[in-house]
Each structure stands twice: as C-alpha cells, then as structure tokens.
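Peer 1: Quick one: the structure is below, questions incoming.
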Amino acid sequence: MDDVYGILTIILLFSLATPADLACLAGCACTDDHLGRSLQCMEAPMAQIPDNIPHDFTKIRIENCHLTELPPGSFSAVVRLEFLWLNFNEITLMNVKSLEGLANLTELRLQGNKLTSIPWTAFQDTPKLKILDLKHNRLDVLPEHALRFLPGLTYLDLSFNNLNIISKDVFLNWPLYQKTEKTWSKEGIVSNVVLALHDNPWKCDCRLKGFVEFIRAVNPPIILMNSYLMCKSPDSKVSKFFHEIQLKTCVKPDASSPDANVTLPLGSNATLECLVKARPAPSIHWTYSLKMIRGFAAMETQIDEDTFSSHLLIPSLHLADRGVYTCSANNFIGNSSASVLVSISNPNSSAPLPPPVPILSSDENPYIDIRIAKQTVYGITLEWFAATENPTETWYTIHFGKYDSPKKDMTYIGPGINTYSVENLLPVTKYEVCVALKNHPPREGQCVVFVTGNDVSEMEQRERLIHIIVLVCAMVLAVPAGMYACTTESRIGCAGKCLGFCKRRKRHGDMQEMERQGTFDSLQAASSETLCRDDKPKDRGRGGSAAQLY
C-alpha cells in the first residue's frame, strides 16, 4: 500500500509540474506569470542562440552570455514571443532576417552590445514593435529611411552611441512622426513618443544644421528624454548645447592661390600656398608630376571657421621640380582647384637650362654595383648600389627569369630601395637577375647569373658552404652548396678563371684562405679550398660543380 502511495505521489508531482519545469535550457530559468511563459538566461555559457528553444515562450531574456551575432531566423520558431531582451552581450552582427517570424514582438532591447550598424529593413518582420532600445552600442550612421518600418514605436533609445551627423529627414520620413503631426494638430490627443539621442559625439557643422533645427522645434507628442544635446566637435563648438549654436548652410570649396607663378633660384627652398573657403572643412591635397618619386610635405591650418590654407614645402629646388602644382579641395558638396607654376631662374643666362625632368640618353651607362647579399632555402636577396646624379629620384627595373629565356619578368623599384628578394626557385635551374635604370635595358655588369643545385636536401641542410666569385671574380660571397653566381660580364669565362685561379693556388701549395669580401654575415664561410678541392671530371657530374655550369 505504501508503494502504491509513493507511486501516486510521484505521478501527482509530475502532473503539477509546468512545462517550464520540464523543458528549459541548461543554465537558464523558466517561469510562468501573467505575461506568459518566460526564459531567463543570465551569464549562461552560450556563444550562440540555442536552436532548441521551446516554442511557447512569450518573453526571452538572454544577458551577459557572450552572444556575438543574431543569425537568420534566430527566434523564428518562437512565434508567440513578445519581449526579447539581449542586453550586455557582444553582438556585432545582426542579420537582415534575424527577426523573421516575430510578428507579435512588441519590445526589443539590445543595450550594451557592439553593433556598429543595424539592418533597418529587418523591422518589416516586427510590425507591432513599440519599444526599441539600442543604447550603449557603436552605431555611427542613421540612414534617411531607417525608421520607415517602425510605425508603431513609442520608445526609441539611440543614446550613448557614435552618431555624429544625421539628417532631419530621418525623422521627417518616420511614418509615426507624420501620423502624430496630423493627429495632434486635429485632435490634440495622441500617445507620447519618447526619443533618446543624448551622449553621442555630435559634430556641429553645417551638415547638422537641419537636425539641430528639428531638435529645437520638437514638441509633444515627441518627447526628448534629454533635450540638452551637446556638441563634441569642431573645436569652436565643443561642449556647447544645440540651443546655443547657430549653424550656416554648407557650401562647396573655393580654392585660390596668392601666387599663380613662382620663380626661384636653383637650390632654394619654396613654399607654395593654397587658400580654400569651404563649409564644412574640405580635404586638401596637392598633385604634381614627381609626386610618386619626390613627395613633399604639406601643412594645413585653419584661418577662420570657413577658411583653410595649405602650404607645400619644397626643399632645395631641383631642375626636375619645375612645372605645375595643383591644389585640390573637396567636401561632400563639390570640389575646386588652383594651380601654381614653378619656374627656376638661370643664374647664367648664356647657358640654357636642361629639360624639366632628367632624361637619360641611350649612351648613358651608370655604374651599378650588384651582389647577392643573402640566401634563403629557396631564394636569394639581391643588393645594389648605383652611382647616379639624383639617387632620390632614380627608379630601377628588376629583370628576372631563366637564363636562356628571351623574356624576363620586370619589376619596378622606387627611389630609396636597393634590395630585392627572389623566392620559389626551382632546383637545377640557371637564372639571371639584372638591375637597370627604369625603362632601360640592362647593361654589361648589371646582371648576376646563378644556378641552383640538384640536391634539395643538400640545400636545406645549409651546413656546407662554398666561396663563389661575383662581379667578375672580384667579390667573394658565401652561399649555400649547389648555388653559384657570376656577373654576365663574362658568363663563361668567369668559372674558368675562377677554377684556373684555384688550380694555380694548389700548384703553388698556397693554402692560405682567400680574402673574403661581401660575405653573408649570418653564415660561416668555408675556406677557398672548398671551391677547388673536387675539380676532377668524375665529381663534375654533381649539380654542385661550378665547372659543369658553363
């Protein structure tokens, strides 16, 4: 009898248990009240919206649970949902279909997340929404039609975001605002609409003029939670309230130059000036023929609220600096430009000035000292020094490819750079890399020819190094076994001279180490005997024999 009584007690307890007790997410609490069934997850270990939420909830509160996004159909199965609180998570992304299926939703709170934008068309799926709380996010843009699908709102909180410029049309296009305007003017009785916009970094320039005027004119039924909106920038209006400022209409830039023609002696310093009137502040930049090669510093100052100046500083005028310098200014309304012609006076009137941009004739042959400075497992780093008249203006062309290929890959290198790395080299391959002035073919002595070995494991070990001769046997470098280099000045003769030199050293019994010039510092070079030790025919079959290569 006692057993039967115990079983009946258990059955009774289960019958009295609500669905909330029987079906609830782990780490969450489920309750029932006069508003319906509720799910509350506070600091629960979840990184995404659970996909097994029961369908009969009317209120869901998931806070401090490290959610990062609202994917499509996040709560579409919970069709009775009216209250959704997702405060203090880390939500950065809200999908345009994240509110799909929530036709009964009246309250959405997303306070304290990391949203930088909202897909406002998502609210097409929530026609009954009355409360939207987005405070303490990172919203920086409010599109003109953002509130188009929120006709029933009575509370909108956008405070503590990053809004700085918005148009008054955002609110003028709001169906609720248009409706309340008409109803208020006819009947005088309508539900209040609370709007919170305070504590945003408002940029009080001409772009905010319409919005400032709208805020000043706001009256019931629109109620500002805090009517003291404050400017964050520009400097002239920092910490001023909207009702304290007067903003002007925006105007496009008007650029001018006090001196349209400037003539200075060679080697002098030049300062070009550009004055711009604009509202709001424009972006100003200079363009000139040698900007990519010889960039000059520009300094901008604000003279008054609507006037700005830009000064281009040209140190030590070169002949190549002659020409037209254009100052361009633009803002969101339009753009304007002004030009300055720079000329250089000739101290010796009998001698004509050369062309404005240095042009190299076909018979010029600048000296370029080129060497292999470093080697990696499957590549090399080339280094060069060029004796040119204007090194800060000299561009180079790297010609690289297989030695017997008639067409090499070309890479342009700007001024101030004197190294170039070649990677992903193939084994047992003869390569040629050349450094020449831009748009000029490589000349004699401006190339390096090298060959990769056929024993990959030997290349990777990096334990046995040999001396090789570069720049016609004048420079000694340390490179990995299996790689040899000579300049193209004497492609075939180089190896022969080197081997002949080694044989002579053997014949005279001179075992002193060859002088090392230009070695790769991070590697330990071997002695000169390493190059000459195995020069017998039977050993030349290996990829590591220099004699085999030529």
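Residue numbering restarts at 1 in every chain; chains get A, B, ... in the order shown in the structure tokens, and ligands count up from 1 in that same order.
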Report as a PyMOL selection string: the residues of stretch 36-285 of chain A with a DSSP assignment of helix (DSSP H, G or I), based on the backbone of this structure.
Peer 2: chain A and resi 120-125+169-172+175-186+206-217+235-237+242-244
Peer 1: Kindly export the residues of the current selection with C-alpha atoms, as a short mmCIF file (atom, residue, chain, number, x, y, z; two decimals), in the first residue's frame.
Peer 2:
data_model
loop_
_atom_site.label_atom_id
_atom_site.label_comp_id
_atom_site.auth_asym_id
_atom_site.auth_seq_id
_atom_site.Cartn_x
_atom_site.Cartn_y
_atom_site.Cartn_z
CA TRP A 120 16.72 48.56 -40.51
CA THR A 121 14.68 46.64 -43.09
CA ALA A 122 14.69 43.73 -40.62
CA PHE A 123 11.88 45.52 -38.78
CA GLN A 124 9.49 44.67 -41.61
CA ASP A 125 9.02 41.41 -39.69
CA ASP A 169 14.86 63.67 -42.82
CA VAL A 170 15.38 60.55 -40.70
CA PHE A 171 12.54 61.78 -38.51
CA LEU A 172 10.54 63.67 -41.11
CA PRO A 175 5.60 57.35 -40.53
CA LEU A 176 4.91 57.68 -36.81
CA TYR A 177 6.10 61.30 -36.79
CA GLN A 178 3.98 62.15 -39.82
CA LYS A 179 0.96 60.49 -38.22
CA THR A 180 1.34 62.18 -34.85
CA GLU A 181 1.80 65.56 -36.51
CA LYS A 182 -1.57 65.26 -38.24
CA THR A 183 -3.39 63.70 -35.28
CA TRP A 184 -2.01 66.25 -32.81
CA SER A 185 -2.97 69.18 -34.98
CA LYS A 186 -6.55 67.88 -35.41
CA CYS A 206 26.74 72.78 -41.38
CA ARG A 207 25.80 69.14 -42.03
CA LEU A 208 23.95 69.01 -38.73
CA LYS A 209 22.04 72.24 -39.34
CA GLY A 210 18.72 70.60 -40.24
CA PHE A 211 18.86 68.14 -37.33
CA VAL A 212 19.67 70.90 -34.83
CA GLU A 213 16.69 72.88 -36.08
CA PHE A 214 14.48 69.79 -35.78
CA ILE A 215 15.58 69.19 -32.16
CA ARG A 216 14.84 72.80 -31.28
CA ALA A 217 11.37 72.52 -32.74
CA ASP A 235 36.77 72.86 -31.51
CA SER A 236 34.85 76.11 -31.81
CA LYS A 237 31.66 74.42 -30.59
CA PHE A 242 22.27 72.73 -29.53
CA HIS A 243 20.18 75.68 -28.39
CA GLU A 244 23.36 77.78 -28.03
#
Peer 1: To one decimal in Å, tell me the separation between atom CA of A:Asn161 and atom CA of A:His136.
Peer 2: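 Between atom CA of A:Asn161 and atom CA of A:His136 the gap is 5.6 Å.
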Peer 1: If we count only C-alpha atoms, what is near A:Ser268 at a cut-off of 9 Å, once residues fewer than 4 positions away on the same chain are taken out, given as an mmCIF file with all heavy atoms, in the first residue's frame?
Peer 2:
data_model
loop_
_atom_site.group_PDB
_atom_site.id
_atom_site.type_symbol
_atom_site.label_atom_id
_atom_site.label_comp_id
_atom_site.auth_asym_id
_atom_site.auth_seq_id
_atom_site.Cartn_x
_atom_site.Cartn_y
_atom_site.Cartn_z
ATOM 1 N N LEU A 264 62.095 80.906 -58.675
ATOM 2 C CA LEU A 264 63.098 80.902 -57.612
ATOM 3 C C LEU A 264 64.399 80.353 -58.160
ATOM 4 O O LEU A 264 64.417 79.588 -59.137
ATOM 5 C CB LEU A 264 62.618 80.049 -56.433
ATOM 6 C CG LEU A 264 61.393 80.579 -55.657
ATOM 7 C CD1 LEU A 264 60.879 79.513 -54.705
ATOM 8 C CD2 LEU A 264 61.753 81.847 -54.901
ATOM 9 N N ILE A 314 58.848 72.719 -50.540
ATOM 10 C CA ILE A 314 59.786 72.072 -51.466
ATOM 11 C C ILE A 314 61.200 72.458 -51.049
ATOM 12 O O ILE A 314 61.634 73.591 -51.270
ATOM 13 C CB ILE A 314 59.538 72.513 -52.926
ATOM 14 C CG1 ILE A 314 58.067 72.314 -53.307
ATOM 15 C CG2 ILE A 314 60.443 71.752 -53.876
ATOM 16 C CD1 ILE A 314 57.724 72.796 -54.693
ATOM 17 N N PRO A 315 61.949 71.550 -50.437
ATOM 18 C CA PRO A 315 63.308 71.885 -50.012
ATOM 19 C C PRO A 315 64.292 71.762 -51.167
ATOM 20 O O PRO A 315 64.211 70.829 -51.966
ATOM 21 C CB PRO A 315 63.596 70.849 -48.930
ATOM 22 C CG PRO A 315 62.769 69.662 -49.318
ATOM 23 C CD PRO A 315 61.555 70.197 -50.009
ATOM 24 N N SER A 316 65.206 72.691 -51.260
ATOM 25 C CA SER A 316 66.304 72.631 -52.223
ATOM 26 C C SER A 316 65.801 72.310 -53.627
ATOM 27 O O SER A 316 65.901 71.178 -54.106
ATOM 28 C CB SER A 316 67.332 71.587 -51.777
ATOM 29 O OG SER A 316 68.447 71.596 -52.635
ATOM 30 N N LEU A 317 65.281 73.302 -54.295
ATOM 31 C CA LEU A 317 64.705 73.117 -55.632
ATOM 32 C C LEU A 317 65.677 72.459 -56.604
ATOM 33 O O LEU A 317 66.828 72.897 -56.740
ATOM 34 C CB LEU A 317 64.276 74.468 -56.199
ATOM 35 C CG LEU A 317 62.896 74.996 -55.820
ATOM 36 C CD1 LEU A 317 62.733 76.414 -56.331
ATOM 37 C CD2 LEU A 317 61.812 74.091 -56.383
ATOM 38 N N HIS A 318 65.203 71.385 -57.242
ATOM 39 C CA HIS A 318 65.948 70.750 -58.323
ATOM 40 C C HIS A 318 65.361 71.209 -59.657
ATOM 41 O O HIS A 318 64.233 71.709 -59.708
ATOM 42 C CB HIS A 318 65.839 69.230 -58.222
ATOM 43 C CG HIS A 318 66.475 68.679 -56.996
ATOM 44 N ND1 HIS A 318 66.581 67.324 -56.756
ATOM 45 C CD2 HIS A 318 67.046 69.288 -55.931
ATOM 46 C CE1 HIS A 318 67.173 67.123 -55.600
ATOM 47 N NE2 HIS A 318 67.469 68.298 -55.085
#
Peer 1: Restricting the calculation to only C-alpha atoms: of A:Ser257, A:Ser289, A:Gly401, A:Lys252, which residue gets closest to A:Gly334?
Peer 2: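 Ranking A:Ser257, A:Ser289, A:Gly401, A:Lys252 by distance to A:Gly334, first place goes to A:Lys252.
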Peer 1: For a quick check of understanding, using only C-alpha atoms, which of A:Thr249, A:Thr326, A:Asn173, A:Ser336 has the smallest distance to A:Val276?
Peer 2: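 Checking each of A:Thr249, A:Thr326, A:Asn173, A:Ser336 against A:Val276, counting only C-alpha atoms, the winner is A:Ser336.
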Peer 1: Name all residues at most 7 Å from stretch 278-286 of chain A (count only C-alpha atoms; drop same-chain ones fewer than 2 positions away) and give them as an mmCIF file with C-alpha atoms, in the first residue's frame.
Peer 2:
data_model
loop_
_atom_site.group_PDB
_atom_site.id
_atom_site.type_symbol
_atom_site.label_atom_id
_atom_site.label_comp_id
_atom_site.auth_asym_id
_atom_site.auth_seq_id
_atom_site.Cartn_x
_atom_site.Cartn_y
_atom_site.Cartn_z
ATOM 1 C CA ASP A 205 28.997 71.828 -38.503
ATOM 2 C CA CYS A 206 26.736 72.776 -41.378
ATOM 3 C CA CYS A 250 27.045 74.180 -46.380
ATOM 4 C CA VAL A 251 28.977 75.490 -49.394
ATOM 5 C CA LYS A 252 31.360 73.808 -51.793
ATOM 6 C CA PRO A 253 35.114 74.664 -51.727
ATOM 7 C CA ASP A 254 36.579 77.666 -53.498
ATOM 8 C CA VAL A 276 40.323 77.387 -49.590
ATOM 9 C CA TYR A 288 52.442 67.311 -59.345
ATOM 10 C CA ASP A 306 35.332 78.688 -43.142
ATOM 11 C CA THR A 307 38.846 79.446 -44.443
ATOM 12 C CA TYR A 325 51.477 72.164 -58.912
ATOM 13 C CA THR A 326 47.729 71.776 -58.420
ATOM 14 C CA CYS A 327 45.942 72.225 -55.120
ATOM 15 C CA SER A 328 42.583 70.412 -55.000
ATOM 16 C CA ALA A 329 39.952 70.761 -52.288
ATOM 17 C CA ASN A 330 36.700 68.838 -51.913
ATOM 18 C CA ASN A 331 33.872 68.199 -49.498
#
Peer 1: So how many Å separate atom CA of A:Ile344 and atom CA of A:His311, to one decimal?
Peer 2: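 Calculated distance between atom CA of A:Ile344 and atom CA of A:His311 is 18.9 Å.
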Peer 1: Which residue gives the smallest distance to A:Met225 among A:Asp157, A:Asp409, A:Glu273, A:Glu63, with only C-alpha atoms counted?
Peer 2: A:Asp157
Peer 1: Select from stretch 278-355 of chain A everything DSSP, run on the backbone, classes as strand (DSSP E or B), then give the selection as number ranges by chain.
Peer 2: A: 278-279, 283-287, 297-304, 307-314, 323-330, 335-345
Peer 1: Keeping only C-alpha atoms, write the selected residues to a file as an mmCIF file, in the first residue's frame.
Peer 2:
data_model
loop_
_atom_site.group_PDB
_atom_site.id
_atom_site.type_symbol
_atom_site.label_atom_id
_atom_site.label_comp_id
_atom_site.auth_asym_id
_atom_site.auth_seq_id
_atom_site.Cartn_x
_atom_site.Cartn_y
_atom_site.Cartn_z
ATOM 1 C CA ALA A 278 34.516 75.860 -47.715
ATOM 2 C CA ARG A 279 31.838 74.642 -45.358
ATOM 3 C CA SER A 283 40.137 67.711 -47.680
ATOM 4 C CA ILE A 284 43.072 69.340 -49.475
ATOM 5 C CA HIS A 285 45.766 67.611 -51.482
ATOM 6 C CA TRP A 286 48.487 68.577 -53.962
ATOM 7 C CA THR A 287 49.292 66.882 -57.260
ATOM 8 C CA ALA A 297 55.321 67.731 -47.006
ATOM 9 C CA ALA A 298 52.112 69.762 -46.888
ATOM 10 C CA MET A 299 50.925 71.693 -43.841
ATOM 11 C CA GLU A 300 47.305 72.712 -43.287
ATOM 12 C CA THR A 301 45.999 75.431 -40.984
ATOM 13 C CA GLN A 302 42.541 76.816 -40.289
ATOM 14 C CA ILE A 303 42.427 80.591 -40.598
ATOM 15 C CA ASP A 304 38.824 81.015 -39.512
ATOM 16 C CA THR A 307 38.846 79.446 -44.443
ATOM 17 C CA PHE A 308 41.711 76.975 -44.671
ATOM 18 C CA SER A 309 45.242 77.155 -46.029
ATOM 19 C CA SER A 310 47.649 74.519 -47.255
ATOM 20 C CA HIS A 311 51.387 75.089 -47.716
ATOM 21 C CA LEU A 312 53.508 72.740 -49.831
ATOM 22 C CA LEU A 313 57.175 72.791 -48.781
ATOM 23 C CA ILE A 314 59.786 72.072 -51.466
ATOM 24 C CA GLY A 323 56.221 72.520 -63.505
ATOM 25 C CA VAL A 324 52.591 72.898 -62.469
ATOM 26 C CA TYR A 325 51.477 72.164 -58.912
ATOM 27 C CA THR A 326 47.729 71.776 -58.420
ATOM 28 C CA CYS A 327 45.942 72.225 -55.120
ATOM 29 C CA SER A 328 42.583 70.412 -55.000
ATOM 30 C CA ALA A 329 39.952 70.761 -52.288
ATOM 31 C CA ASN A 330 36.700 68.838 -51.913
ATOM 32 C CA ASN A 335 35.359 70.422 -55.345
ATOM 33 C CA SER A 336 37.652 73.176 -56.574
ATOM 34 C CA SER A 337 41.305 73.508 -57.586
ATOM 35 C CA ALA A 338 44.014 76.093 -58.120
ATOM 36 C CA SER A 339 47.376 75.779 -59.871
ATOM 37 C CA VAL A 340 50.837 77.237 -59.270
ATOM 38 C CA LEU A 341 53.526 77.297 -61.970
ATOM 39 C CA VAL A 342 57.027 76.845 -60.531
ATOM 40 C CA SER A 343 59.979 78.080 -62.576
ATOM 41 C CA ILE A 344 63.700 78.158 -61.787
ATOM 42 C CA SER A 345 65.773 81.193 -62.641
#
Peer 1: Which of these, A:Glu383, A:Glu82, A:Asp140, A:Glu90, has the shortest distance to A:Glu69 once you count only C-alpha atoms?
Peer 2: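 When distances to A:Glu69 are compared using only C-alpha atoms, the smallest one comes from A:Glu90.
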Peer 1: Env of A:Ser98: 9 Å cut, atoms = only C-alpha atoms, seq-sep filter 2 positions within chain, self excluded. Answer as JSON, numbers by chain.
Peer 2: {"A": [70, 71, 72, 73, 74, 75, 76, 94, 95, 96, 100, 101, 122]}
Peer 1: I'd like the neighbourhood of A:Ala23 as a ChimeraX atom specification, where a residue qualifies if any of its atoms comes within 12 Å (using only C-alpha atoms), though same-chain residues fewer than 4 positions away should be ignored.
Peer 2: /A:17-19,28-31,37-39,52-57
